[in-house]
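Visitor: Enclosed is the structure file entry11.cif (mmCIF, C-alpha atoms).
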```cif
data_input
loop_
_atom_site.group_PDB
_atom_site.id
_atom_site.type_symbol
_atom_site.label_atom_id
_atom_site.label_comp_id
_atom_site.auth_asym_id
_atom_site.auth_seq_id
_atom_site.Cartn_x
_atom_site.Cartn_y
_atom_site.Cartn_z
ATOM 1 C CA GLY A 1 67.719 15.212 -37.876
ATOM 2 C CA LEU A 2 67.110 17.368 -34.794
ATOM 3 C CA GLY A 3 63.433 17.640 -35.617
ATOM 4 C CA ASP A 4 63.130 13.845 -35.525
ATOM 5 C CA VAL A 5 64.651 13.775 -32.018
ATOM 6 C CA TYR A 6 62.072 16.314 -30.754
ATOM 7 C CA LYS A 7 59.288 14.280 -32.315
ATOM 8 C CA ARG A 8 60.499 11.120 -30.596
ATOM 9 C CA GLN A 9 60.703 12.890 -27.213
ATOM 10 C CA ALA A 10 57.271 14.587 -27.428
ATOM 11 C CA PRO A 11 55.093 13.392 -24.501
ATOM 12 C CA ALA A 12 52.231 11.074 -25.356
ATOM 13 C CA ALA A 13 48.732 12.546 -25.242
ATOM 14 C CA PRO A 14 47.150 11.965 -21.811
ATOM 15 C CA ILE A 15 44.622 9.110 -21.613
ATOM 16 C CA PRO A 16 41.218 10.585 -20.787
ATOM 17 C CA ALA A 17 39.861 9.578 -17.377
ATOM 18 C CA ALA A 18 37.017 7.072 -17.415
ATOM 19 C CA GLN A 19 33.718 8.893 -17.249
ATOM 20 C CA PRO A 20 31.033 7.590 -14.829
ATOM 21 C CA GLN A 21 28.165 5.859 -16.561
ATOM 22 C CA PRO A 22 25.104 8.121 -16.721
ATOM 23 C CA ALA A 23 21.969 7.049 -14.892
ATOM 24 C CA PRO A 24 19.367 5.400 -17.145
ATOM 25 C CA THR A 25 17.062 7.899 -18.776
ATOM 26 C CA ASP A 26 14.829 5.499 -20.717
ATOM 27 C CA PRO A 27 11.346 5.994 -19.178
ATOM 28 C CA ALA A 28 10.510 2.281 -19.469
ATOM 29 C CA MET A 29 13.731 1.282 -17.688
ATOM 30 C CA ILE A 30 13.154 3.842 -14.923
ATOM 31 C CA ALA A 31 9.583 2.618 -14.440
ATOM 32 C CA LEU A 32 10.760 -1.008 -14.370
ATOM 33 C CA LEU A 33 13.394 -0.197 -11.733
ATOM 34 C CA GLU A 34 10.768 1.613 -9.642
ATOM 35 C CA LEU A 35 8.410 -1.359 -9.983
ATOM 36 C CA MET A 36 11.122 -3.756 -8.821
ATOM 37 C CA ALA A 37 11.907 -1.474 -5.861
ATOM 38 C CA GLU A 38 8.218 -1.442 -4.954
ATOM 39 C CA MET A 39 8.110 -5.249 -5.126
ATOM 40 C CA VAL A 40 11.080 -5.480 -2.740
ATOM 41 C CA ASN A 41 9.324 -3.001 -0.426
ATOM 42 C CA LEU A 42 6.082 -5.030 -0.457
ATOM 43 C CA ARG A 43 7.996 -8.214 0.317
ATOM 44 C CA TYR A 44 9.766 -6.476 3.214
ATOM 45 C CA GLN A 45 6.422 -5.251 4.581
ATOM 46 C CA ALA A 46 4.935 -8.762 4.334
ATOM 47 C CA LEU A 47 7.899 -10.295 6.169
ATOM 48 C CA ASN A 48 7.714 -7.574 8.808
ATOM 49 C CA ALA A 49 3.990 -8.218 9.338
ATOM 50 C CA GLN A 50 4.693 -11.943 9.599
ATOM 51 C CA ARG A 51 7.351 -11.373 12.243
ATOM 52 C CA GLU A 52 4.983 -9.126 14.205
ATOM 53 C CA ALA A 53 2.268 -11.807 14.078
ATOM 54 C CA GLN A 54 4.696 -14.500 15.262
ATOM 55 C CA ARG A 55 6.053 -12.404 18.094
ATOM 56 C CA ALA A 56 4.875 -13.533 21.516
ATOM 57 C CA GLN A 57 2.036 -11.557 23.034
ATOM 58 C CA PRO A 58 3.295 -8.986 25.567
ATOM 59 C CA ALA A 59 2.511 -9.430 29.240
ATOM 60 C CA PRO A 60 -0.842 -7.939 30.270
ATOM 61 C CA VAL A 61 -0.585 -4.260 31.127
ATOM 62 C CA PRO A 62 -2.416 -3.123 34.279
ATOM 63 C CA THR A 63 -5.661 -1.374 33.358
ATOM 64 C CA THR A 64 -4.633 1.759 35.214
ATOM 65 C CA SER A 65 -1.738 2.336 32.780
ATOM 66 C CA HIS A 66 -3.957 2.260 29.657
ATOM 67 C CA PRO A 67 -4.421 5.697 28.125
ATOM 68 C CA ASP A 68 -8.049 6.734 28.274
ATOM 69 C CA PHE A 69 -10.299 6.656 25.237
ATOM 70 C CA LEU A 70 -10.355 10.413 24.589
ATOM 71 C CA LYS A 71 -6.574 10.591 24.746
ATOM 72 C CA ILE A 72 -6.339 7.866 22.076
ATOM 73 C CA VAL A 73 -8.856 9.748 19.904
ATOM 74 C CA MET A 74 -6.855 12.964 20.198
ATOM 75 C CA ILE A 75 -3.556 11.226 19.375
ATOM 76 C CA MET A 76 -5.219 9.565 16.365
ATOM 77 C CA LYS A 77 -6.422 13.003 15.272
ATOM 78 C CA ASN A 78 -2.907 14.447 15.615
ATOM 79 C CA LEU A 79 -1.632 11.605 13.429
ATOM 80 C CA GLY A 80 -3.983 12.773 10.682
ATOM 81 C CA THR A 81 -6.664 10.083 10.908
ATOM 82 C CA LYS A 82 -9.455 11.044 8.530
ATOM 83 C CA HIS A 83 -13.181 10.484 8.768
ATOM 84 C CA TYR A 84 -14.717 7.970 6.378
ATOM 85 C CA GLN A 85 -18.039 8.813 4.724
ATOM 86 C CA GLY A 86 -18.732 5.564 2.872
ATOM 87 C CA GLY A 87 -19.167 5.242 -0.872
ATOM 88 C CA THR A 88 -18.374 2.789 -3.643
ATOM 89 C CA ASP A 89 -14.635 3.380 -4.141
ATOM 90 C CA PRO A 90 -12.788 0.307 -2.797
ATOM 91 C CA PHE A 91 -9.431 2.125 -2.995
ATOM 92 C CA GLU A 92 -10.712 4.816 -0.632
ATOM 93 C CA ALA A 93 -12.113 2.247 1.809
ATOM 94 C CA ASP A 94 -8.897 0.219 1.809
ATOM 95 C CA ALA A 95 -6.729 3.325 2.254
ATOM 96 C CA TRP A 96 -8.833 4.498 5.221
ATOM 97 C CA LEU A 97 -8.687 1.104 6.928
ATOM 98 C CA HIS A 98 -4.942 0.782 6.297
ATOM 99 C CA ASN A 99 -4.282 4.270 7.705
ATOM 100 C CA LEU A 100 -6.456 3.509 10.740
ATOM 101 C CA GLU A 101 -4.527 0.316 11.512
ATOM 102 C CA GLN A 102 -1.179 2.093 11.074
ATOM 103 C CA ASN A 103 -2.268 4.738 13.581
ATOM 104 C CA PHE A 104 -3.524 2.071 16.000
ATOM 105 C CA ALA A 105 -0.041 0.538 15.914
ATOM 106 C CA ALA A 106 1.639 3.949 16.392
ATOM 107 C CA THR A 107 -0.522 4.802 19.419
ATOM 108 C CA ARG A 108 -0.357 1.273 20.923
ATOM 109 C CA CYS A 109 -4.151 1.480 21.025
ATOM 110 C CA PRO A 110 -5.635 -1.185 23.340
ATOM 111 C CA VAL A 111 -7.751 -3.666 21.398
ATOM 112 C CA GLU A 112 -10.827 -2.903 23.499
ATOM 113 C CA PHE A 113 -10.769 0.721 22.242
ATOM 114 C CA LYS A 114 -10.227 0.010 18.538
ATOM 115 C CA LYS A 115 -13.835 -0.534 17.481
ATOM 116 C CA ASP A 116 -15.090 2.584 19.275
ATOM 117 C CA VAL A 117 -12.253 4.706 17.853
ATOM 118 C CA ALA A 118 -13.036 3.414 14.353
ATOM 119 C CA VAL A 119 -16.752 4.210 14.795
ATOM 120 C CA TYR A 120 -15.818 7.708 15.996
ATOM 121 C CA TYR A 121 -14.161 8.288 12.609
ATOM 122 C CA LEU A 122 -17.212 7.202 10.593
ATOM 123 C CA GLU A 123 -19.642 9.808 9.276
ATOM 124 C CA LYS A 124 -22.607 10.249 6.906
ATOM 125 C CA ASP A 125 -23.475 7.013 5.051
ATOM 126 C CA ALA A 126 -20.774 5.024 6.867
ATOM 127 C CA ILE A 127 -22.073 5.787 10.376
ATOM 128 C CA SER A 128 -25.638 5.068 9.238
ATOM 129 C CA TRP A 129 -24.472 1.688 7.937
ATOM 130 C CA TRP A 130 -22.724 0.853 11.215
ATOM 131 C CA LEU A 131 -25.749 1.800 13.335
ATOM 132 C CA CYS A 132 -27.799 -0.625 11.227
ATOM 133 C CA VAL A 133 -25.205 -3.355 11.836
ATOM 134 C CA GLU A 134 -25.389 -2.766 15.586
ATOM 135 C CA ARG A 135 -29.200 -2.835 15.541
ATOM 136 C CA ASN A 136 -29.126 -6.156 13.693
ATOM 137 C CA PHE A 137 -26.891 -7.671 16.378
ATOM 138 C CA GLY A 138 -29.050 -6.380 19.230
ATOM 139 C CA ASP A 139 -27.353 -6.590 22.624
ATOM 140 C CA PHE A 140 -24.376 -8.558 21.311
ATOM 141 C CA ASN A 141 -21.154 -6.652 22.076
ATOM 142 C CA LEU A 142 -19.281 -6.325 18.768
ATOM 143 C CA SER A 143 -15.471 -6.382 18.759
ATOM 144 C CA TRP A 144 -12.854 -4.687 16.573
ATOM 145 C CA ALA A 145 -12.520 -7.956 14.609
ATOM 146 C CA ASP A 146 -16.303 -7.914 14.002
ATOM 147 C CA PHE A 147 -16.111 -4.290 12.825
ATOM 148 C CA ARG A 148 -13.218 -4.989 10.478
ATOM 149 C CA THR A 149 -14.895 -8.024 8.929
ATOM 150 C CA ALA A 150 -18.174 -6.159 8.416
ATOM 151 C CA PHE A 151 -16.391 -3.090 6.999
ATOM 152 C CA VAL A 152 -14.438 -5.104 4.415
ATOM 153 C CA ARG A 153 -17.559 -7.072 3.440
ATOM 154 C CA LYS A 154 -19.473 -3.820 2.932
ATOM 155 C CA TYR A 155 -16.885 -1.531 1.313
ATOM 156 C CA PHE A 156 -14.390 -3.961 -0.248
ATOM 157 C CA PRO A 157 -16.506 -7.033 -1.120
ATOM 158 C CA PRO A 158 -15.145 -9.992 -3.154
ATOM 159 C CA GLU A 159 -16.806 -8.718 -6.343
ATOM 160 C CA ALA A 160 -14.872 -5.418 -6.014
ATOM 161 C CA ARG A 161 -11.614 -7.359 -5.687
ATOM 162 C CA ASP A 162 -12.611 -9.445 -8.733
ATOM 163 C CA ARG A 163 -13.185 -6.250 -10.758
ATOM 164 C CA LEU A 164 -9.757 -4.945 -9.765
ATOM 165 C CA GLU A 165 -8.140 -8.247 -10.717
ATOM 166 C CA ILE A 166 -9.773 -8.109 -14.167
ATOM 167 C CA LYS A 167 -8.685 -4.482 -14.533
ATOM 168 C CA PHE A 168 -5.118 -5.446 -13.626
ATOM 169 C CA MET A 169 -5.020 -8.353 -16.082
ATOM 170 C CA GLU A 170 -6.321 -6.108 -18.890
ATOM 171 C CA LEU A 171 -4.079 -3.139 -18.064
ATOM 172 C CA VAL A 172 -1.858 -1.874 -20.890
ATOM 173 C CA GLN A 173 -0.060 1.432 -21.327
ATOM 174 C CA GLY A 174 -2.212 2.698 -24.198
ATOM 175 C CA GLY A 175 -2.361 6.485 -24.042
ATOM 176 C CA LEU A 176 -0.744 6.691 -20.587
ATOM 177 C CA SER A 177 2.782 7.910 -20.001
ATOM 178 C CA VAL A 178 5.173 5.204 -18.801
ATOM 179 C CA ARG A 179 5.169 6.722 -15.303
ATOM 180 C CA LYS A 180 1.357 6.793 -15.098
ATOM 181 C CA TYR A 181 1.183 3.220 -16.405
ATOM 182 C CA GLU A 182 3.664 2.096 -13.734
ATOM 183 C CA ALA A 183 1.710 3.933 -11.003
ATOM 184 C CA GLU A 184 -1.590 2.294 -12.031
ATOM 185 C CA PHE A 185 0.125 -1.105 -12.347
ATOM 186 C CA THR A 186 1.503 -0.808 -8.797
ATOM 187 C CA ARG A 187 -1.803 0.477 -7.389
ATOM 188 C CA LEU A 188 -3.791 -2.446 -8.798
ATOM 189 C CA ARG A 189 -1.204 -5.133 -8.161
ATOM 190 C CA LYS A 190 -1.521 -5.156 -4.382
ATOM 191 C CA TYR A 191 -5.180 -6.176 -4.653
ATOM 192 C CA VAL A 192 -4.678 -9.258 -6.857
ATOM 193 C CA HIS A 193 -3.221 -12.733 -6.332
ATOM 194 C CA TYR A 194 -1.631 -12.963 -9.788
ATOM 195 C CA GLY A 195 2.126 -13.502 -9.506
ATOM 196 C CA ARG A 196 2.252 -13.200 -5.707
ATOM 197 C CA GLU A 197 4.915 -15.917 -5.536
ATOM 198 C CA ASP A 198 6.619 -15.202 -8.880
ATOM 199 C CA GLU A 199 8.139 -11.760 -9.298
ATOM 200 C CA MET A 200 9.403 -12.509 -12.816
ATOM 201 C CA MET A 201 5.788 -13.133 -13.855
ATOM 202 C CA ILE A 202 4.899 -9.627 -12.620
ATOM 203 C CA ILE A 203 7.835 -8.064 -14.488
ATOM 204 C CA HIS A 204 6.868 -9.858 -17.717
ATOM 205 C CA LYS A 205 3.266 -8.707 -17.277
ATOM 206 C CA PHE A 206 4.482 -5.126 -16.877
ATOM 207 C CA LEU A 207 6.714 -5.306 -19.947
ATOM 208 C CA ARG A 208 3.988 -6.892 -22.111
ATOM 209 C CA GLY A 209 1.709 -3.965 -21.251
ATOM 210 C CA LEU A 210 4.147 -1.351 -22.545
ATOM 211 C CA ASN A 211 3.541 0.101 -25.982
ATOM 212 C CA PRO A 212 5.517 -1.811 -28.656
ATOM 213 C CA TYR A 213 7.709 1.139 -29.643
ATOM 214 C CA ILE A 214 8.891 1.396 -26.024
ATOM 215 C CA ARG A 215 9.515 -2.321 -25.627
#
```
Would you write out, as structure tokens, the structure that this file holds?

Guide:
Amino acid sequence: GLGDVYKRQAPAAPIPAAQPQPAPTDPAMIALLELMAEMVNLRYQALNAQREAQRAQPAPVPTTSHPDFLKIVMIMKNLGTKHYQGGTDPFEADAWLHNLEQNFAATRCPVEFKKDVAVYYLEKDAISWWLCVERNFGDFNLSWADFRTAFVRKYFPPEARDRLEIKFMELVQGGLSVRKYEAEFTRLRKYVHYGREDEMMIIHKFLRGLNPYIR
């Protein structure tokens, strides 16, 4: 009948548009993605440092064009260089040294100024330690390389690195949130040799440390 004709001519229901896939919300997946991004970033930094090391040395700059020592100190201060007091926290020592070297690169600090600038930013126990080092060497003129070697030996000795490696190998999520576990995992990882050449080993280590109900 007529009703059947209308039924046959009724338009089909529109097909719903495909909805975009939501971003992952699983905390473990988010942390794993962040860890992988950090690993890519570390690899990029290592390659960049390697390229810088392989780059030919620039032609000598006339002494008259070197910025003077006080100007370098003031620029370093404007960049936020902090004073280092000494202590037993290897993370703090490493962070200070890393920040110092970044600011040296930013200011194009001449190598002959680096040691004296570094000493300027020591205070309390750290400056007392350095004065003792200088006394032990007598009249020998210490370089930036000498300072760096002595600083690492004093404030980030091999036994401190060994302790961090053990801490990394024993790290599990436990009572930490996934985000805090990932942050501690990333913080410790850069100080250990485990998995340096095998990123899948690092990912498996991270996943094994997650609580079972999250895995």

Visitor: Just say which residues the PyMOL selection byres ((chain A and resi 86-88) around 8) picks in this file, as a tab-separated table (two decimals) with C-alpha atoms, in the coordinates of the input.

Guide:
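What follows is the written file result_10.tsv:
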```
chain	number	residue	atom	x	y	z
A	84	TYR	CA	-14.72	7.97	6.38
A	85	GLN	CA	-18.04	8.81	4.72
A	89	ASP	CA	-14.64	3.38	-4.14
A	90	PRO	CA	-12.79	0.31	-2.80
A	93	ALA	CA	-12.11	2.25	1.81
A	123	GLU	CA	-19.64	9.81	9.28
A	124	LYS	CA	-22.61	10.25	6.91
A	125	ASP	CA	-23.48	7.01	5.05
A	126	ALA	CA	-20.77	5.02	6.87
A	155	TYR	CA	-16.89	-1.53	1.31
```

Visitor: Expanded to explicit residues, what is the PyMOL selection byres ((chain A and resi 158-171) around 12) for this file, as a ChimeraX atom specification?

Guide: /A:88-91,93-94,152-157,172-176,180-195,202,205-211

Visitor: In Å to one decimal, how far is atom CA of Pro212 of chain A from atom CA of Leu32 of chain A?

Guide: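 About the pair atom CA of Leu32 of chain A and atom CA of Pro212 of chain A: they are 15.2 Å apart.
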
Visitor: Set up a box along x, y and z of the file covering all listed atoms of segment 117-134 of chain A, add 4 Å on every one of the six sides, and write the centre and edge lengths in Å to one decimal, as AutoDock Vina command-line options.

Guide:
```
--center_x -20.0 --center_y 3.4 --center_z 11.5 --size_x 23.5 --size_y 21.6 --size_z 20.8
```

Visitor: Of the residues A:Ile30, A:Leu97, A:Leu142, A:Val117, which is the one nearest to Ile75 of chain A, using only C-alpha atoms?

Guide: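 Nearest candidate to Ile75 of chain A out of A:Ile30, A:Leu97, A:Leu142, A:Val117: A:Val117.
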
Visitor: What is the atom CA of Arg108 of chain A-atom CA of Asp146 of chain A distance in Å, reported with one decimal?

Guide: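 These two atoms are separated by 19.7 Å.
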
Visitor: Please indicate the distance in Å from atom CA of His98 of chain A to atom CA of Glu134 of chain A, rounded to one decimal place.

Guide: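 Taking atom CA of His98 of chain A as the start and atom CA of Glu134 of chain A as the end point, the length is 22.7 Å.
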
Visitor: Taking (-2.4, 8.0, 15.5) in the file's own coordinates, collect the residues within 10 Å, counting all atoms listed in the file, and hand them back as a compact mmCIF listing (two decimals) with C-alpha atoms, keeping the file's coordinate frame.

Guide:
```txt
# COMPACT_ATOMS: atom_id res chain seq x y z
CA ILE A 72 -6.34 7.87 22.08
CA VAL A 73 -8.86 9.75 19.90
CA MET A 74 -6.86 12.96 20.20
CA ILE A 75 -3.56 11.23 19.38
CA MET A 76 -5.22 9.56 16.36
CA LYS A 77 -6.42 13.00 15.27
CA ASN A 78 -2.91 14.45 15.62
CA LEU A 79 -1.63 11.60 13.43
CA GLY A 80 -3.98 12.77 10.68
CA THR A 81 -6.66 10.08 10.91
CA ASN A 99 -4.28 4.27 7.70
CA LEU A 100 -6.46 3.51 10.74
CA GLU A 101 -4.53 0.32 11.51
CA GLN A 102 -1.18 2.09 11.07
CA ASN A 103 -2.27 4.74 13.58
CA PHE A 104 -3.52 2.07 16.00
CA ALA A 105 -0.04 0.54 15.91
CA ALA A 106 1.64 3.95 16.39
CA THR A 107 -0.52 4.80 19.42
CA ARG A 108 -0.36 1.27 20.92
CA CYS A 109 -4.15 1.48 21.02
```

Visitor: Could you write segment 75-106 of chain A as a CSV table (one decimal), keeping the file's coordinate frame, with N, CA and C atoms rebuilt where they are missing?

Guide:
```csv
chain,number,residue,atom,x,y,z
A,75,ILE,N,-4.8,11.6,20.0
A,75,ILE,CA,-3.6,11.2,19.4
A,75,ILE,C,-3.8,10.8,17.9
A,76,MET,N,-4.9,10.0,17.7
A,76,MET,CA,-5.2,9.6,16.4
A,76,MET,C,-5.5,10.8,15.5
A,77,LYS,N,-6.1,11.8,16.0
A,77,LYS,CA,-6.4,13.0,15.3
A,77,LYS,C,-5.1,13.7,14.9
A,78,ASN,N,-4.2,13.8,15.9
A,78,ASN,CA,-2.9,14.4,15.6
A,78,ASN,C,-2.1,13.7,14.6
A,79,LEU,N,-2.3,12.4,14.4
A,79,LEU,CA,-1.6,11.6,13.4
A,79,LEU,C,-2.3,11.8,12.0
A,80,GLY,N,-3.4,12.5,12.0
A,80,GLY,CA,-4.0,12.8,10.7
A,80,GLY,C,-5.0,11.8,10.3
A,81,THR,N,-5.6,11.0,11.2
A,81,THR,CA,-6.7,10.1,10.9
A,81,THR,C,-7.9,10.8,10.3
A,82,LYS,N,-8.3,10.4,9.2
A,82,LYS,CA,-9.5,11.0,8.5
A,82,LYS,C,-10.8,10.3,8.8
A,83,HIS,N,-11.9,11.1,8.7
A,83,HIS,CA,-13.2,10.5,8.8
A,83,HIS,C,-13.5,9.8,7.5
A,84,TYR,N,-14.3,8.7,7.6
A,84,TYR,CA,-14.7,8.0,6.4
A,84,TYR,C,-16.2,8.1,6.2
A,85,GLN,N,-16.6,8.5,5.0
A,85,GLN,CA,-18.0,8.8,4.7
A,85,GLN,C,-18.8,7.7,4.1
A,86,GLY,N,-18.1,6.6,3.6
A,86,GLY,CA,-18.7,5.6,2.9
A,86,GLY,C,-18.6,5.8,1.4
A,87,GLY,N,-19.3,5.1,0.6
A,87,GLY,CA,-19.2,5.2,-0.9
A,87,GLY,C,-18.9,3.9,-1.6
A,88,THR,N,-18.6,4.0,-2.8
A,88,THR,CA,-18.4,2.8,-3.6
A,88,THR,C,-16.9,2.6,-4.1
A,89,ASP,N,-16.0,3.5,-3.7
A,89,ASP,CA,-14.6,3.4,-4.1
A,89,ASP,C,-13.8,2.5,-3.2
A,90,PRO,N,-13.5,1.2,-3.7
A,90,PRO,CA,-12.8,0.3,-2.8
A,90,PRO,C,-11.4,0.8,-2.4
A,91,PHE,N,-10.8,1.6,-3.3
A,91,PHE,CA,-9.4,2.1,-3.0
A,91,PHE,C,-9.5,3.0,-1.8
A,92,GLU,N,-10.5,3.9,-1.8
A,92,GLU,CA,-10.7,4.8,-0.6
A,92,GLU,C,-11.0,4.1,0.7
A,93,ALA,N,-11.8,3.0,0.6
A,93,ALA,CA,-12.1,2.2,1.8
A,93,ALA,C,-10.9,1.5,2.3
A,94,ASP,N,-10.1,0.9,1.4
A,94,ASP,CA,-8.9,0.2,1.8
A,94,ASP,C,-7.9,1.2,2.4
A,95,ALA,N,-7.7,2.3,1.8
A,95,ALA,CA,-6.7,3.3,2.3
A,95,ALA,C,-7.1,3.8,3.7
A,96,TRP,N,-8.4,4.0,3.9
A,96,TRP,CA,-8.8,4.5,5.2
A,96,TRP,C,-8.5,3.4,6.3
A,97,LEU,N,-8.9,2.2,6.0
A,97,LEU,CA,-8.7,1.1,6.9
A,97,LEU,C,-7.2,0.9,7.2
A,98,HIS,N,-6.4,1.0,6.1
A,98,HIS,CA,-4.9,0.8,6.3
A,98,HIS,C,-4.3,1.9,7.2
A,99,ASN,N,-4.8,3.1,6.9
A,99,ASN,CA,-4.3,4.3,7.7
A,99,ASN,C,-4.7,4.1,9.2
A,100,LEU,N,-5.9,3.7,9.4
A,100,LEU,CA,-6.5,3.5,10.7
A,100,LEU,C,-5.6,2.5,11.5
A,101,GLU,N,-5.3,1.4,10.8
A,101,GLU,CA,-4.5,0.3,11.5
A,101,GLU,C,-3.1,0.8,11.8
A,102,GLN,N,-2.5,1.5,10.8
A,102,GLN,CA,-1.2,2.1,11.1
A,102,GLN,C,-1.2,3.0,12.3
A,103,ASN,N,-2.2,3.8,12.4
A,103,ASN,CA,-2.3,4.7,13.6
A,103,ASN,C,-2.6,4.0,14.9
A,104,PHE,N,-3.3,2.9,14.8
A,104,PHE,CA,-3.5,2.1,16.0
A,104,PHE,C,-2.2,1.5,16.5
A,105,ALA,N,-1.4,1.1,15.5
A,105,ALA,CA,0.0,0.5,15.9
A,105,ALA,C,0.8,1.6,16.5
A,106,ALA,N,0.8,2.8,15.9
A,106,ALA,CA,1.6,3.9,16.4
A,106,ALA,C,1.2,4.4,17.8
```
